[in-house]
>>> print(open('query-v7.cif').read())   # mmCIF, C-alpha atoms
data_protein
#
loop_
_atom_site.group_PDB
_atom_site.id
_atom_site.type_symbol
_atom_site.label_atom_id
_atom_site.label_comp_id
_atom_site.auth_asym_id
_atom_site.auth_seq_id
_atom_site.Cartn_x
_atom_site.Cartn_y
_atom_site.Cartn_z
ATOM 1 C CA MET A 1 -181.111 6.994 -15.494
ATOM 2 C CA LYS A 2 -184.482 7.146 -17.169
ATOM 3 C CA SER A 3 -185.967 4.622 -14.808
ATOM 4 C CA LEU A 4 -184.595 6.547 -11.835
ATOM 5 C CA LEU A 5 -186.221 9.716 -13.104
ATOM 6 C CA ARG A 6 -189.408 7.796 -13.711
ATOM 7 C CA ALA A 7 -189.415 6.418 -10.162
ATOM 8 C CA SER A 8 -188.654 9.837 -8.656
ATOM 9 C CA LEU A 9 -191.469 11.474 -10.583
ATOM 10 C CA ARG A 10 -193.885 8.758 -9.524
ATOM 11 C CA LEU A 11 -192.861 9.320 -5.920
ATOM 12 C CA LEU A 12 -193.329 13.065 -6.324
ATOM 13 C CA ASP A 13 -196.767 12.422 -7.831
ATOM 14 C CA ARG A 14 -197.695 10.442 -4.758
ATOM 15 C CA MET A 15 -196.736 13.334 -2.514
ATOM 16 C CA SER A 16 -198.381 15.977 -4.629
ATOM 17 C CA PRO A 17 -200.737 14.805 -7.363
ATOM 18 C CA PRO A 18 -200.053 16.060 -10.901
ATOM 19 C CA GLU A 19 -202.536 18.294 -12.671
ATOM 20 C CA THR A 20 -204.934 16.652 -15.083
ATOM 21 C CA VAL A 21 -204.401 17.326 -18.746
ATOM 22 C CA SER A 22 -207.209 16.381 -21.018
ATOM 23 C CA ALA A 23 -206.677 14.463 -24.221
ATOM 24 C CA HIS A 24 -210.363 14.297 -24.062
ATOM 25 C CA CYS A 25 -212.969 14.004 -26.655
ATOM 26 C CA ASP A 26 -216.124 16.060 -26.745
ATOM 27 C CA ILE A 27 -217.028 13.352 -29.242
ATOM 28 C CA PRO A 28 -217.246 15.558 -32.292
ATOM 29 C CA CYS A 29 -218.514 12.378 -33.967
ATOM 30 C CA GLY A 30 -221.639 13.371 -32.049
ATOM 31 C CA ILE A 31 -222.413 10.992 -29.219
ATOM 32 C CA TYR A 32 -224.706 12.830 -26.835
ATOM 33 C CA ASP A 33 -227.736 11.410 -25.106
ATOM 34 C CA PRO A 34 -230.082 13.082 -22.626
ATOM 35 C CA ALA A 35 -231.054 9.618 -21.307
ATOM 36 C CA LEU A 36 -228.308 9.881 -18.690
ATOM 37 C CA ALA A 37 -229.786 13.122 -17.331
ATOM 38 C CA GLN A 38 -233.304 11.658 -17.457
ATOM 39 C CA THR A 39 -232.248 8.603 -15.466
ATOM 40 C CA ALA A 40 -230.490 10.792 -12.906
ATOM 41 C CA ALA A 41 -233.595 12.999 -12.511
ATOM 42 C CA GLN A 42 -235.814 9.914 -12.151
ATOM 43 C CA THR A 43 -233.475 8.667 -9.446
ATOM 44 C CA VAL A 44 -233.869 11.960 -7.567
ATOM 45 C CA VAL A 45 -237.682 11.599 -7.741
ATOM 46 C CA ARG A 46 -237.412 7.987 -6.580
ATOM 47 C CA MET A 47 -235.285 8.987 -3.588
ATOM 48 C CA HIS A 48 -237.980 11.459 -2.562
ATOM 49 C CA GLN A 49 -240.531 8.644 -2.753
ATOM 50 C CA LEU A 50 -238.366 6.385 -0.595
ATOM 51 C CA ILE A 51 -237.751 9.156 1.943
ATOM 52 C CA ALA A 52 -241.526 9.727 2.152
ATOM 53 C CA ASP A 53 -242.105 5.974 2.582
ATOM 54 C CA LEU A 54 -239.592 5.894 5.403
ATOM 55 C CA GLY A 55 -241.726 8.382 7.354
ATOM 56 C CA ALA A 56 -240.787 10.021 10.633
ATOM 57 C CA PRO A 57 -238.682 8.263 13.277
ATOM 58 C CA LYS A 58 -240.778 6.658 16.026
ATOM 59 C CA GLU A 59 -240.400 7.092 19.734
ATOM 60 C CA GLY A 60 -239.229 4.119 21.745
ATOM 61 C CA TRP A 61 -237.223 2.528 18.982
ATOM 62 C CA SER A 62 -234.467 0.123 19.907
ATOM 63 C CA GLU A 63 -230.931 1.107 19.055
ATOM 64 C CA ALA A 64 -230.968 -1.304 16.098
ATOM 65 C CA GLU A 65 -234.206 0.160 14.722
ATOM 66 C CA ALA A 66 -232.898 3.705 15.054
ATOM 67 C CA ALA A 67 -229.641 2.698 13.345
ATOM 68 C CA ALA A 68 -231.508 1.009 10.486
ATOM 69 C CA TYR A 69 -233.633 4.124 10.034
ATOM 70 C CA GLY A 70 -230.618 6.431 10.023
ATOM 71 C CA ASN A 71 -228.774 4.165 7.651
ATOM 72 C CA SER A 72 -231.622 4.129 5.113
ATOM 73 C CA MET A 73 -232.195 7.866 5.340
ATOM 74 C CA ILE A 74 -228.526 8.648 4.849
ATOM 75 C CA ARG A 75 -228.281 6.310 1.887
ATOM 76 C CA TYR A 76 -231.312 7.913 0.203
ATOM 77 C CA VAL A 77 -229.962 11.393 0.778
ATOM 78 C CA ALA A 78 -226.502 10.419 -0.484
ATOM 79 C CA VAL A 79 -227.948 9.040 -3.720
ATOM 80 C CA LYS A 80 -230.210 12.085 -4.075
ATOM 81 C CA GLU A 81 -227.162 14.356 -3.740
ATOM 82 C CA HIS A 82 -225.125 12.384 -6.217
ATOM 83 C CA HIS A 83 -227.775 12.021 -8.899
ATOM 84 C CA ALA A 84 -228.902 15.640 -8.715
ATOM 85 C CA GLU A 85 -225.333 16.687 -9.445
ATOM 86 C CA LEU A 86 -224.998 13.996 -12.120
ATOM 87 C CA CYS A 87 -228.135 15.329 -13.799
ATOM 88 C CA LYS A 88 -226.728 18.875 -13.818
ATOM 89 C CA HIS A 89 -223.423 17.609 -15.193
ATOM 90 C CA GLU A 90 -224.998 15.699 -18.078
ATOM 91 C CA VAL A 91 -227.262 18.599 -19.027
ATOM 92 C CA ARG A 92 -224.354 21.047 -18.901
ATOM 93 C CA ILE A 93 -222.335 18.888 -21.311
ATOM 94 C CA ILE A 94 -225.103 18.734 -23.898
ATOM 95 C CA TRP A 95 -225.925 22.405 -23.433
ATOM 96 C CA ALA A 96 -222.320 23.625 -23.743
ATOM 97 C CA ASP A 97 -220.800 21.119 -26.152
ATOM 98 C CA TYR A 98 -223.660 19.990 -28.363
ATOM 99 C CA PHE A 99 -226.073 22.900 -28.783
ATOM 100 C CA LYS A 100 -225.033 25.575 -31.269
ATOM 101 C CA PRO A 101 -226.297 29.164 -31.568
ATOM 102 C CA GLU A 102 -228.514 28.216 -34.507
ATOM 103 C CA HIS A 103 -230.401 25.733 -32.298
ATOM 104 C CA LEU A 104 -231.527 28.667 -30.179
ATOM 105 C CA ASP A 105 -233.512 30.107 -33.074
ATOM 106 C CA ALA A 106 -235.629 26.958 -33.166
ATOM 107 C CA ASN A 107 -235.763 26.692 -29.380
ATOM 108 C CA PRO A 108 -235.545 30.133 -27.739
ATOM 109 C CA ASP A 109 -236.472 28.590 -24.351
ATOM 110 C CA LEU A 110 -233.314 26.474 -24.195
ATOM 111 C CA HIS A 111 -231.331 28.714 -21.830
ATOM 112 C CA THR A 112 -234.287 29.116 -19.470
ATOM 113 C CA ASN A 113 -234.858 25.371 -19.561
ATOM 114 C CA VAL A 114 -231.207 24.680 -18.628
ATOM 115 C CA TRP A 115 -231.227 27.439 -15.988
ATOM 116 C CA ASN A 116 -234.299 25.829 -14.395
ATOM 117 C CA ILE A 117 -232.642 22.406 -14.399
ATOM 118 C CA LEU A 118 -229.502 23.733 -12.725
ATOM 119 C CA LYS A 119 -231.498 25.674 -10.100
ATOM 120 C CA LEU A 120 -233.855 22.760 -9.377
ATOM 121 C CA GLY A 121 -230.897 20.374 -9.326
ATOM 122 C CA SER A 122 -229.493 22.403 -6.452
ATOM 123 C CA LYS A 123 -232.851 22.799 -4.722
ATOM 124 C CA VAL A 124 -233.459 19.053 -4.545
ATOM 125 C CA ARG A 125 -230.128 18.699 -2.768
ATOM 126 C CA GLN A 126 -230.745 21.485 -0.279
ATOM 127 C CA THR A 127 -234.254 20.319 0.640
ATOM 128 C CA VAL A 128 -236.546 17.328 0.661
ATOM 129 C CA ASP A 129 -239.120 18.724 -1.739
ATOM 130 C CA ALA A 130 -241.040 16.232 -3.860
ATOM 131 C CA LYS A 131 -242.522 19.049 -5.947
ATOM 132 C CA ALA A 132 -239.038 20.342 -6.815
ATOM 133 C CA ALA A 133 -237.962 16.815 -7.788
ATOM 134 C CA ASP A 134 -241.026 16.422 -10.049
ATOM 135 C CA ASP A 135 -240.330 19.836 -11.577
ATOM 136 C CA LEU A 136 -236.701 18.841 -12.172
ATOM 137 C CA LEU A 137 -237.760 15.687 -14.002
ATOM 138 C CA ALA A 138 -240.321 17.634 -16.062
ATOM 139 C CA GLU A 139 -237.669 20.173 -17.110
ATOM 140 C CA VAL A 140 -235.228 17.386 -18.004
ATOM 141 C CA GLN A 141 -237.888 15.669 -20.139
ATOM 142 C CA LYS A 142 -238.461 18.989 -21.890
ATOM 143 C CA PHE A 143 -234.696 19.272 -22.424
ATOM 144 C CA ALA A 144 -234.660 15.754 -23.931
ATOM 145 C CA GLU A 145 -237.448 16.761 -26.310
ATOM 146 C CA ALA A 146 -235.512 19.858 -27.371
ATOM 147 C CA PHE A 147 -232.364 17.806 -27.891
ATOM 148 C CA TRP A 148 -234.015 15.221 -30.140
ATOM 149 C CA LYS A 149 -236.000 17.888 -31.986
ATOM 150 C CA SER A 150 -232.742 19.731 -32.806
ATOM 151 C CA LYS A 151 -231.554 16.529 -34.490
ATOM 152 C CA GLY A 152 -234.774 16.270 -36.460
ATOM 153 C CA VAL A 153 -235.897 13.260 -34.405
ATOM 154 C CA ASP A 154 -239.520 13.032 -33.246
ATOM 155 C CA THR A 155 -240.149 12.012 -29.661
ATOM 156 C CA LYS A 156 -242.914 10.329 -27.749
ATOM 157 C CA ARG A 157 -243.745 9.929 -24.064
ATOM 158 C CA VAL A 158 -243.828 6.328 -22.892
ATOM 159 C CA PRO A 159 -244.268 4.766 -19.439
ATOM 160 C CA SER A 160 -240.904 4.827 -17.666
ATOM 161 C CA ASN A 161 -241.271 1.130 -16.710
ATOM 162 C CA GLN A 162 -239.246 1.939 -13.605
ATOM 163 C CA ALA A 163 -240.094 1.796 -9.913
ATOM 164 C CA VAL A 164 -240.403 5.578 -9.987
ATOM 165 C CA GLY A 165 -243.403 5.434 -12.342
ATOM 166 C CA GLY A 166 -244.271 8.341 -14.638
ATOM 167 C CA GLU A 167 -243.277 8.804 -18.241
ATOM 168 C CA SER A 168 -240.070 9.179 -20.195
ATOM 169 C CA VAL A 169 -239.358 11.085 -23.370
ATOM 170 C CA VAL A 170 -237.756 8.810 -25.963
ATOM 171 C CA PRO A 171 -237.094 9.052 -29.697
ATOM 172 C CA ALA A 172 -240.252 8.036 -31.558
ATOM 173 C CA MET B 173 -191.703 22.782 0.279
ATOM 174 C CA LEU B 174 -193.135 20.875 -2.651
ATOM 175 C CA ARG B 175 -194.901 23.964 -3.861
ATOM 176 C CA ARG B 176 -191.633 25.868 -3.767
ATOM 177 C CA LEU B 177 -189.922 23.066 -5.653
ATOM 178 C CA ARG B 178 -192.664 23.214 -8.229
ATOM 179 C CA ALA B 179 -192.192 26.944 -8.746
ATOM 180 C CA LEU B 180 -188.429 26.554 -8.889
ATOM 181 C CA LEU B 181 -188.222 23.831 -11.485
ATOM 182 C CA PRO B 182 -189.307 24.737 -15.008
ATOM 183 C CA PHE B 183 -191.255 21.481 -15.378
ATOM 184 C CA ASP B 184 -194.849 20.548 -14.642
ATOM 185 C CA ARG B 185 -196.240 17.069 -14.079
ATOM 186 C CA TYR B 186 -199.537 16.055 -15.635
ATOM 187 C CA VAL B 187 -201.710 12.976 -15.647
ATOM 188 C CA VAL B 188 -203.532 12.307 -18.907
ATOM 189 C CA GLU B 189 -207.241 11.606 -19.195
ATOM 190 C CA GLY B 190 -209.093 10.800 -22.389
ATOM 191 C CA GLU B 191 -208.204 8.983 -25.539
ATOM 192 C CA SER B 192 -207.555 11.668 -28.115
ATOM 193 C CA MET B 193 -203.791 11.024 -28.152
ATOM 194 C CA LEU B 194 -203.991 7.261 -28.591
ATOM 195 C CA PRO B 195 -202.054 5.234 -29.544
ATOM 196 C CA GLU B 196 -199.076 7.335 -28.512
ATOM 197 C CA VAL B 197 -200.303 8.589 -25.145
ATOM 198 C CA ALA B 198 -202.718 6.445 -23.200
ATOM 199 C CA PRO B 199 -205.174 7.563 -20.511
ATOM 200 C CA ALA B 200 -203.629 7.672 -17.005
ATOM 201 C CA GLU B 201 -200.130 8.015 -18.436
ATOM 202 C CA ARG B 202 -198.065 10.793 -16.910
ATOM 203 C CA VAL B 203 -196.089 13.434 -18.727
ATOM 204 C CA LEU B 204 -193.521 16.032 -17.794
ATOM 205 C CA ALA B 205 -193.788 19.319 -19.677
ATOM 206 C CA SER B 206 -191.127 21.992 -19.889
ATOM 207 C CA ARG B 207 -192.253 25.574 -19.362
ATOM 208 C CA LEU B 208 -188.972 26.854 -20.818
ATOM 209 C CA ALA B 209 -189.136 25.094 -24.174
ATOM 210 C CA TYR B 210 -190.868 27.949 -25.951
ATOM 211 C CA TRP B 211 -189.180 30.884 -24.275
ATOM 212 C CA LEU B 212 -186.606 30.907 -27.041
ATOM 213 C CA GLY B 213 -187.756 28.374 -29.590
ATOM 214 C CA ARG B 214 -191.121 28.217 -31.294
ATOM 215 C CA PRO B 215 -193.525 25.291 -31.345
ATOM 216 C CA ARG B 216 -192.734 22.989 -34.248
ATOM 217 C CA PRO B 217 -195.047 20.649 -36.117
ATOM 218 C CA GLY B 218 -195.124 17.329 -34.280
ATOM 219 C CA ASP B 219 -194.427 18.747 -30.792
ATOM 220 C CA LEU B 220 -196.598 17.337 -28.068
ATOM 221 C CA ILE B 221 -197.840 20.283 -25.993
ATOM 222 C CA VAL B 222 -199.965 21.163 -22.986
ATOM 223 C CA LEU B 223 -202.265 24.089 -23.665
ATOM 224 C CA ARG B 224 -205.261 25.871 -22.236
ATOM 225 C CA ASP B 225 -208.563 25.126 -23.914
ATOM 226 C CA PRO B 226 -209.389 28.444 -25.669
ATOM 227 C CA ARG B 227 -213.078 27.855 -24.900
ATOM 228 C CA GLU B 228 -212.593 27.044 -21.242
ATOM 229 C CA PRO B 229 -209.184 28.300 -20.040
ATOM 230 C CA GLN B 230 -209.128 26.432 -16.733
ATOM 231 C CA ARG B 231 -209.172 23.173 -18.672
ATOM 232 C CA LEU B 232 -205.825 21.893 -19.909
ATOM 233 C CA LEU B 233 -205.420 19.930 -23.110
ATOM 234 C CA LEU B 234 -202.750 17.657 -24.518
ATOM 235 C CA LYS B 235 -202.399 18.003 -28.293
ATOM 236 C CA ARG B 236 -199.874 17.879 -31.091
ATOM 237 C CA VAL B 237 -198.761 20.965 -33.028
ATOM 238 C CA GLU B 238 -199.915 20.679 -36.615
ATOM 239 C CA LYS B 239 -198.534 23.841 -38.171
ATOM 240 C CA ALA B 240 -197.952 27.561 -37.666
ATOM 241 C CA GLU B 241 -200.912 29.705 -38.661
ATOM 242 C CA GLY B 242 -199.403 33.126 -39.308
ATOM 243 C CA ALA B 243 -197.359 34.930 -36.667
ATOM 244 C CA GLY B 244 -197.877 33.773 -33.115
ATOM 245 C CA SER B 245 -200.501 31.080 -33.446
ATOM 246 C CA TRP B 246 -200.551 27.386 -34.193
ATOM 247 C CA SER B 247 -203.096 24.802 -35.101
ATOM 248 C CA VAL B 248 -203.195 21.727 -32.883
ATOM 249 C CA VAL B 249 -204.674 18.265 -33.418
ATOM 250 C CA GLY B 250 -205.235 15.082 -31.502
ATOM 251 C CA ASP B 251 -203.570 11.954 -32.830
ATOM 252 C CA ASN B 252 -206.807 10.024 -32.617
ATOM 253 C CA THR B 253 -208.771 12.468 -34.745
ATOM 254 C CA ASP B 254 -212.118 10.725 -34.344
ATOM 255 C CA ALA B 255 -211.967 11.243 -30.605
ATOM 256 C CA SER B 256 -210.383 14.656 -30.433
ATOM 257 C CA THR B 257 -211.628 18.201 -30.131
ATOM 258 C CA ASP B 258 -208.917 20.471 -31.465
ATOM 259 C CA SER B 259 -208.193 23.359 -33.858
ATOM 260 C CA ARG B 260 -210.783 21.919 -36.230
ATOM 261 C CA THR B 261 -213.312 23.068 -33.631
ATOM 262 C CA PHE B 262 -211.691 25.947 -31.770
ATOM 263 C CA GLY B 263 -209.269 27.301 -34.402
ATOM 264 C CA PRO B 264 -205.563 28.120 -34.037
ATOM 265 C CA VAL B 265 -204.197 28.822 -30.553
ATOM 266 C CA SER B 266 -201.923 31.687 -29.594
ATOM 267 C CA LYS B 267 -198.614 31.187 -27.788
ATOM 268 C CA ASP B 268 -199.914 32.530 -24.459
ATOM 269 C CA LEU B 269 -202.264 29.543 -24.246
ATOM 270 C CA ILE B 270 -199.394 27.074 -24.609
ATOM 271 C CA LEU B 271 -198.079 26.049 -21.196
ATOM 272 C CA GLY B 272 -195.286 23.702 -22.141
ATOM 273 C CA LYS B 273 -193.749 21.070 -24.305
ATOM 274 C CA VAL B 274 -193.842 17.438 -23.274
ATOM 275 C CA VAL B 275 -190.259 16.324 -22.758
ATOM 276 C CA PHE B 276 -190.664 13.107 -20.803
ATOM 277 C CA ARG B 277 -193.336 10.465 -20.201
ATOM 278 C CA TYR B 278 -193.469 8.257 -17.159
#
>>> encode(input="query-v7.cif", output="structure tokens")
Amino acid sequence: MKSLLRASLRLLDRMSPPETVSAHCDIPCGIYDPALAQTAAQTVVRMHQLIADLGAPKEGWSEAEAAAYGNSMIRYVAVKEHHAELCKHEVRIIWADYFKPEHLDANPDLHTNVWNILKLGSKVRQTVDAKAADDLLAEVQKFAEAFWKSKGVDTKRVPSNQAVGGESVVPA
Amino acid sequence: MLRRLRALLPFDRYVVEGESMLPEVAPAERVLASRLAYWLGRPRPGDLIVLRDPREPQRLLLKRVEKAEGAGSWSVVGDNTDASTDSRTFGPVSKDLILGKVVFRY
């Protein structure tokens, strides 16, 4: 009887998926790291670099050349889309789940900083705008500094050591 | 038709994500919750329930009832307390946030 019910419910789930219920942890043991958002923002900058390197399509291309061009462009844009949203997601988690009202006293710019990240994160999806991507990364680095500072951890700026170049904020 | 069936039957199906109810309920496990269970009865300590996150009502949580906190609200906890956000963080929850009692797992 139980196994019949089980099988019927599974079948029903296949026809109409069940709602998700979260037995989720916000990790109150305190595992948050802005590195994920920083990497995502760097990826967005890198995609802008690759799109710029690709240049404009040329006249007289063979079908294969045109296909290769389209394929690369679409892949860069797809990754740009994904990582911009990933960046927003990671920042939102730290902002909503980690930061407490008392952190605002020490960092009154926090909300503006997050607002800028979310706006720029959308802008870099809507457009190909290298300046917006650089601004996004700069705001995310600032966010990383604020995060570590709130934990009493000093930070420093070191070379990113990634293809994208530039610097990264890391704990000192 | 399925939607009508869903409205007709006093049960909701859920798929679990996260590890706060380990070892009893594992991620990706499915549960059936009764919407009727608390029409007459009250939540009892130990009941496994589906509730709305008081901080973010569109998010649904799976927790265990710890105890009644005065009239009409209950504290809830995750079984795996190190990996759970529960009444320790968001306080007791009122009955209107409780959507159902888990009656079957599949």
>>> resolve_selection(input="query-v7.cif", expression="the PyMOL selection byres ((chain B) within 6 of (chain A))", output="NGL selection string")
:B and (185-193 or 232-234 or 255-257 or 278)
>>> residues_around(input="query-v7.cif", residues="Gly121 (chain A)", least_positions_apart="4", cutoff="10 Å", atoms="only C-alpha atoms", output="short mmCIF file (atom, residue, chain, number, x, y, z; two decimals) with C-alpha atoms, in the coordinates of the input")
data_model
loop_
_atom_site.label_atom_id
_atom_site.label_comp_id
_atom_site.auth_asym_id
_atom_site.auth_seq_id
_atom_site.Cartn_x
_atom_site.Cartn_y
_atom_site.Cartn_z
CA ALA A 41 -233.60 13.00 -12.51
CA VAL A 44 -233.87 11.96 -7.57
CA LYS A 80 -230.21 12.08 -4.08
CA GLU A 81 -227.16 14.36 -3.74
CA HIS A 83 -227.78 12.02 -8.90
CA ALA A 84 -228.90 15.64 -8.72
CA GLU A 85 -225.33 16.69 -9.44
CA LEU A 86 -225.00 14.00 -12.12
CA CYS A 87 -228.14 15.33 -13.80
CA LYS A 88 -226.73 18.88 -13.82
CA HIS A 89 -223.42 17.61 -15.19
CA TRP A 115 -231.23 27.44 -15.99
CA ASN A 116 -234.30 25.83 -14.40
CA ILE A 117 -232.64 22.41 -14.40
CA ARG A 125 -230.13 18.70 -2.77
CA GLN A 126 -230.74 21.48 -0.28
CA ALA A 132 -239.04 20.34 -6.82
CA ALA A 133 -237.96 16.82 -7.79
CA ASP A 135 -240.33 19.84 -11.58
CA LEU A 136 -236.70 18.84 -12.17
CA LEU A 137 -237.76 15.69 -14.00
#
>>> residues_around(input="query-v7.cif", residues="Pro264 (chain B)", least_positions_apart="5", cutoff="6 Å", atoms="only C-alpha atoms", output="list in words")
Ser245, Trp246, Ser247 and Ser259 of chain B
>>> atom_distance(input="query-v7.cif", atom1="CA of Ala56 (chain A)", atom2="CA of Asp129 (chain A)")
15.2 Å
>>> residues_near_point(input="query-v7.cif", point="(-238.6, 8.6, -4.8)", cutoff="10 Å", atoms="all atoms listed in the file", output="VMD selection string")
chain A and resid 42 to 53 76 80 130 133 to 134 163 to 165
>>> residues_around(input="query-v7.cif", residues="region 212-221 of chain B", least_positions_apart="3", cutoff="6 Å", atoms="only C-alpha atoms", output="ChimeraX atom specification")
/B:234-239,272-274
>>> write_last_selection(input="query-v7.cif", atoms="C-alpha atoms", output="PDB file, in the frame of the given file")
ATOM      1  CA  LEU B 234    -202.750  17.657 -24.518  1.00  0.00           C
ATOM      2  CA  LYS B 235    -202.399  18.003 -28.293  1.00  0.00           C
ATOM      3  CA  ARG B 236    -199.874  17.879 -31.091  1.00  0.00           C
ATOM      4  CA  VAL B 237    -198.761  20.965 -33.028  1.00  0.00           C
ATOM      5  CA  GLU B 238    -199.915  20.679 -36.615  1.00  0.00           C
ATOM      6  CA  LYS B 239    -198.534  23.841 -38.171  1.00  0.00           C
ATOM      7  CA  GLY B 272    -195.286  23.702 -22.141  1.00  0.00           C
ATOM      8  CA  LYS B 273    -193.749  21.070 -24.305  1.00  0.00           C
ATOM      9  CA  VAL B 274    -193.842  17.438 -23.274  1.00  0.00           C
TER      10      VAL B 274
END
>>> build_atoms(input="query-v7.cif", residues="region 252-267 of chain B", atoms="N, CA, C and O atoms", output="PDB file, in the frame of the given file")
ATOM      1  N   ASN B 252    -205.649  10.872 -32.351  1.00  0.00           N
ATOM      2  CA  ASN B 252    -206.807  10.024 -32.617  1.00  0.00           C
ATOM      3  C   ASN B 252    -207.944  10.953 -33.038  1.00  0.00           C
ATOM      4  O   ASN B 252    -208.782  11.342 -32.236  1.00  0.00           O
ATOM      5  N   THR B 253    -207.927  11.343 -34.317  1.00  0.00           N
ATOM      6  CA  THR B 253    -208.771  12.468 -34.745  1.00  0.00           C
ATOM      7  C   THR B 253    -210.269  12.246 -34.559  1.00  0.00           C
ATOM      8  O   THR B 253    -211.015  13.189 -34.407  1.00  0.00           O
ATOM      9  N   ASP B 254    -210.692  10.980 -34.549  1.00  0.00           N
ATOM     10  CA  ASP B 254    -212.118  10.725 -34.344  1.00  0.00           C
ATOM     11  C   ASP B 254    -212.557  11.036 -32.927  1.00  0.00           C
ATOM     12  O   ASP B 254    -213.742  11.233 -32.661  1.00  0.00           O
ATOM     13  N   ALA B 255    -211.610  11.029 -32.011  1.00  0.00           N
ATOM     14  CA  ALA B 255    -211.967  11.243 -30.605  1.00  0.00           C
ATOM     15  C   ALA B 255    -211.248  12.462 -30.060  1.00  0.00           C
ATOM     16  O   ALA B 255    -210.817  12.494 -28.930  1.00  0.00           O
ATOM     17  N   SER B 256    -211.116  13.481 -30.893  1.00  0.00           N
ATOM     18  CA  SER B 256    -210.383  14.656 -30.433  1.00  0.00           C
ATOM     19  C   SER B 256    -211.133  15.926 -30.785  1.00  0.00           C
ATOM     20  O   SER B 256    -211.708  16.049 -31.851  1.00  0.00           O
ATOM     21  N   THR B 257    -211.134  16.864 -29.847  1.00  0.00           N
ATOM     22  CA  THR B 257    -211.628  18.201 -30.131  1.00  0.00           C
ATOM     23  C   THR B 257    -210.388  19.076 -30.193  1.00  0.00           C
ATOM     24  O   THR B 257    -209.621  19.103 -29.243  1.00  0.00           O
ATOM     25  N   ASP B 258    -210.169  19.745 -31.294  1.00  0.00           N
ATOM     26  CA  ASP B 258    -208.917  20.471 -31.465  1.00  0.00           C
ATOM     27  C   ASP B 258    -209.133  21.688 -32.353  1.00  0.00           C
ATOM     28  O   ASP B 258    -210.248  22.199 -32.438  1.00  0.00           O
ATOM     29  N   SER B 259    -208.081  22.121 -33.053  1.00  0.00           N
ATOM     30  CA  SER B 259    -208.193  23.359 -33.858  1.00  0.00           C
ATOM     31  C   SER B 259    -209.264  23.273 -34.937  1.00  0.00           C
ATOM     32  O   SER B 259    -209.733  24.294 -35.429  1.00  0.00           O
ATOM     33  N   ARG B 260    -209.683  22.048 -35.279  1.00  0.00           N
ATOM     34  CA  ARG B 260    -210.783  21.919 -36.230  1.00  0.00           C
ATOM     35  C   ARG B 260    -212.038  22.537 -35.646  1.00  0.00           C
ATOM     36  O   ARG B 260    -212.905  23.030 -36.355  1.00  0.00           O
ATOM     37  N   THR B 261    -212.154  22.497 -34.314  1.00  0.00           N
ATOM     38  CA  THR B 261    -213.312  23.068 -33.631  1.00  0.00           C
ATOM     39  C   THR B 261    -213.035  24.478 -33.124  1.00  0.00           C
ATOM     40  O   THR B 261    -213.820  25.388 -33.335  1.00  0.00           O
ATOM     41  N   PHE B 262    -211.898  24.650 -32.438  1.00  0.00           N
ATOM     42  CA  PHE B 262    -211.691  25.947 -31.770  1.00  0.00           C
ATOM     43  C   PHE B 262    -210.665  26.843 -32.466  1.00  0.00           C
ATOM     44  O   PHE B 262    -210.339  27.909 -31.978  1.00  0.00           O
ATOM     45  N   GLY B 263    -210.173  26.434 -33.643  1.00  0.00           N
ATOM     46  CA  GLY B 263    -209.269  27.301 -34.402  1.00  0.00           C
ATOM     47  C   GLY B 263    -207.844  27.282 -33.862  1.00  0.00           C
ATOM     48  O   GLY B 263    -207.545  26.554 -32.924  1.00  0.00           O
ATOM     49  N   PRO B 264    -206.960  28.095 -34.477  1.00  0.00           N
ATOM     50  CA  PRO B 264    -205.563  28.120 -34.037  1.00  0.00           C
ATOM     51  C   PRO B 264    -205.454  28.689 -32.614  1.00  0.00           C
ATOM     52  O   PRO B 264    -206.324  29.437 -32.180  1.00  0.00           O
ATOM     53  N   VAL B 265    -204.385  28.307 -31.923  1.00  0.00           N
ATOM     54  CA  VAL B 265    -204.197  28.822 -30.553  1.00  0.00           C
ATOM     55  C   VAL B 265    -202.958  29.725 -30.520  1.00  0.00           C
ATOM     56  O   VAL B 265    -201.971  29.475 -31.200  1.00  0.00           O
ATOM     57  N   SER B 266    -203.053  30.761 -29.706  1.00  0.00           N
ATOM     58  CA  SER B 266    -201.923  31.687 -29.594  1.00  0.00           C
ATOM     59  C   SER B 266    -200.936  31.157 -28.552  1.00  0.00           C
ATOM     60  O   SER B 266    -201.269  30.318 -27.719  1.00  0.00           O
ATOM     61  N   LYS B 267    -199.698  31.695 -28.617  1.00  0.00           N
ATOM     62  CA  LYS B 267    -198.614  31.187 -27.788  1.00  0.00           C
ATOM     63  C   LYS B 267    -198.926  31.303 -26.288  1.00  0.00           C
ATOM     64  O   LYS B 267    -198.506  30.467 -25.502  1.00  0.00           O
TER      65      LYS B 267
END
